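Report on the structure given below.
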Amino acid sequence: MKLSLFLTTCGSIHKSLIGRTNILAPSCLKTASLNYTKWLPFAFGYPLRKLCIQATEGWHAEVLTEKEQNLLRRLYKGIVQKQRAQLAEAITLVESTHWRKKELAQILLQQVLAYHRDQECLNNGKPLAFRVGLSGPPGAGKSTFIEVFGKMLTGKGHKVSVLAVDPSSYTTGGSLMGDKTRMPELSRDMNAYIRPSPTRGTLGGVTRTTNEAILLCEGAGHDIVLVETVGVGQSEFAVANMVDMFVLLIPPAGGDELQGIKRGIIEMADLVVITKADGDLLVPARRIQAEYVSALKLLRKRSKVWKPQVCLFCCLRSLRKRQ
């Protein structure tokens with residue numbers, strides 16, 4: 001499938017997802033000052049789309065030290081002014097496990113969320129960003145796909161942020177963070193921001209703070225947010241509830257029709273992409289495409305306005321055309 005057709009598909013589903021519920025919920029903090037959740041509905045044009053923040057009681061400026069106030073002021077100002085360094089530092093603060101930094105992160109998130117809400121009001125209540133979640137088994141070509149797709153988006157004037165999730169070791173706790181090595185051109189693009197993050201034992205294919213990172217990226221002016229999960233299995237689709245469009249990437253040897261009708265990640269996908277459809281793998285890819293098209297007909301429809309599509313794609317062929 002050509003990238004232009006994929007972008008058109010993204011645009012059409014963006015306009016048609018009226019019944020999708022998206023919840024942006026920062027992690028709950030078990031502290032005395034953060035003890036209830038406040039739901040804030042917004043007039044996005046999508047009645048069910050909501051944002052969730054942790055509402056605080058008793059937080060005043062005098063509770064923070066001067067150093068903490070300067071830190072929050074600097075980070076908020078940098079995010080509003082679309083500065084990459086401050087965005088990276090803010091995501092690092094959100095990802096911290098230190099109890100005090102968690103509290104500072106919640107204050108910063110409330111400030112960014114208020115700014116984000118004001119900007120959407122100025123945009124006639126329409127969303128400022130479009131979120132795409134990309135998932136699939138290990139080796140499906142997610143990072144290479146993002147390299148090609150992201151460069152096409154930046155070439156059309158979009159500001160793209162990529163939140164790449166890497167698995168953490170159960171023995172050492174470390175993470176390789178090697179997604180940027182497969183995105184050499186996109187990582188040098190000034191209209192793109194790539195942020196790798198470890199799972200730290202969190203299941204579902206995403207991190208504990210992926211929702212918060214999405215909010216910060218949108219507050220920093222990125223109108224396309226791509227969330228790349230770790231290599232997942234059939235029951236790991238937490239990212240589907242965080243994004244506007246959930247794309248499942250499957251290699252040509254992705255199973256047969258029976259594999260496609262199994263419940264789980266397949267029935268959550270808005271778009272199924274068969275990758276590496278080139279050369280000797282083109283025939284197997286077309287066979288898998290036909291089997292998944294047949295399998296999706298047996299699944300219950302989740303939307304009245306969108307029908308999941310199955311398409312072929314080859315990143316290497318797209319790279320050659322661009323070169």
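Just remember, in the structure tokens the first chain shown is A, the second B, etc., residues are 1-based per chain, and ligands are 1-based in the order shown.
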All strand (DSSP E) residues (DSSP, backbone) inside region 117-215 of chain A, as a ChimeraX atom specification: /A:130-136,160-166,192-198
Contact residues around region 71-81 of chain A with only C-alpha atoms at 9 Å, ignoring same-chain residues under 5 positions, as a list in words: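 Contacts, with the query itself left out: Glu66, Gln86, Leu87, Glu89, Ala90, Leu104, Ala105, Ile107, Leu108, Gln111, Val112, Tyr115, Leu216, Cys217, Gly219, Ala220 and Gly221 of chain A.
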Residues near region 152-166 of chain A, anyone? I mean within 7 Å using only C-alpha atoms, not counting same-chain ones fewer than 6 positions away, as a PDB file with C-alpha atoms, in the first residue's frame.
ATOM      1  CA  SER A 175      16.503  -1.727  28.611  1.00  0.00           C
ATOM      2  CA  MET A 177      16.408   1.543  23.875  1.00  0.00           C
ATOM      3  CA  ASP A 179      14.455   2.030  18.364  1.00  0.00           C
ATOM      4  CA  ASN A 191       9.973  18.342  12.957  1.00  0.00           C
ATOM      5  CA  ALA A 192      10.067  14.954  14.680  1.00  0.00           C
ATOM      6  CA  TYR A 193      10.674  14.005  18.288  1.00  0.00           C
ATOM      7  CA  ILE A 194      11.482  10.406  19.273  1.00  0.00           C
ATOM      8  CA  ARG A 195      11.280   9.326  22.889  1.00  0.00           C
ATOM      9  CA  PRO A 196      12.159   5.726  23.816  1.00  0.00           C
ATOM     10  CA  SER A 197      10.931   4.541  27.220  1.00  0.00           C
ATOM     11  CA  PRO A 198      11.278   1.246  29.132  1.00  0.00           C
ATOM     12  CA  THR A 199       8.280  -0.788  30.239  1.00  0.00           C
ATOM     13  CA  VAL A 206       3.032   0.364  26.938  1.00  0.00           C
ATOM     14  CA  THR A 207       4.598   2.080  29.945  1.00  0.00           C
ATOM     15  CA  CYS A 217       3.679  15.959  23.341  1.00  0.00           C
ATOM     16  CA  HIS A 222       2.914  17.954  17.966  1.00  0.00           C
ATOM     17  CA  ASP A 223      -0.156  17.298  15.846  1.00  0.00           C
ATOM     18  CA  ILE A 224       0.682  13.622  15.131  1.00  0.00           C
ATOM     19  CA  VAL A 225       1.553  11.282  18.008  1.00  0.00           C
ATOM     20  CA  LEU A 226       2.766   7.791  17.109  1.00  0.00           C
ATOM     21  CA  VAL A 227       2.894   5.258  19.945  1.00  0.00           C
ATOM     22  CA  GLU A 228       5.001   2.190  19.186  1.00  0.00           C
ATOM     23  CA  THR A 229       4.473  -0.668  21.618  1.00  0.00           C
ATOM     24  CA  VAL A 230       6.852  -3.466  22.469  1.00  0.00           C
TER      25      VAL A 230
END
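Nearest-residue note for Glu236 (chain A): choosing from A:Met183, A:Gly136, A:Lys126, A:Lys142, the minimum distance belongs to A:Gly136, counting only C-alpha atoms.
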Atomic distance CA of Ala85 (chain A) - CA of Gln69 (chain A), expressed in Å with one decimal: 18.3 Å
For Ile274 (chain A): contacts at 8 Å, only C-alpha atoms, fewer than 6 positions along chain excluded, given as a list in words: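 Neighbouring residues, sequence-local ones excluded: Leu249, Ile250, Pro251, Pro252, Ala285, Ile288, Gln289, Val310, Cys311, Leu312 and Phe313 of chain A.
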Those in region 149-180 of chain A with helix (DSSP H, G or I) from DSSP, as a ChimeraX atom specification: /A:149-155,179-180
Length of the CA of Leu282 (chain A) to CA of Gly205 (chain A) vector [Å]: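 Between CA of Leu282 (chain A) and CA of Gly205 (chain A) the gap is 28.5 Å.
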Straight-line distance linking CA of Leu271 (chain A) with CA of Ala240 (chain A), stated in Å to one decimal: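 It comes out at 11.5 Å.
Ranking A:Leu215, A:Lys151, A:Ser96, A:Thr65 by their shortest atom-to-atom distance to Ala114 (chain A), with only C-alpha atoms included, puts A:Leu215 first.
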Who sits within 9 Å of Arg200 (chain A), only C-alpha atoms, same chain under 6 positions skipped, as a ChimeraX atom specification: /A:167-170,173-175,207-208
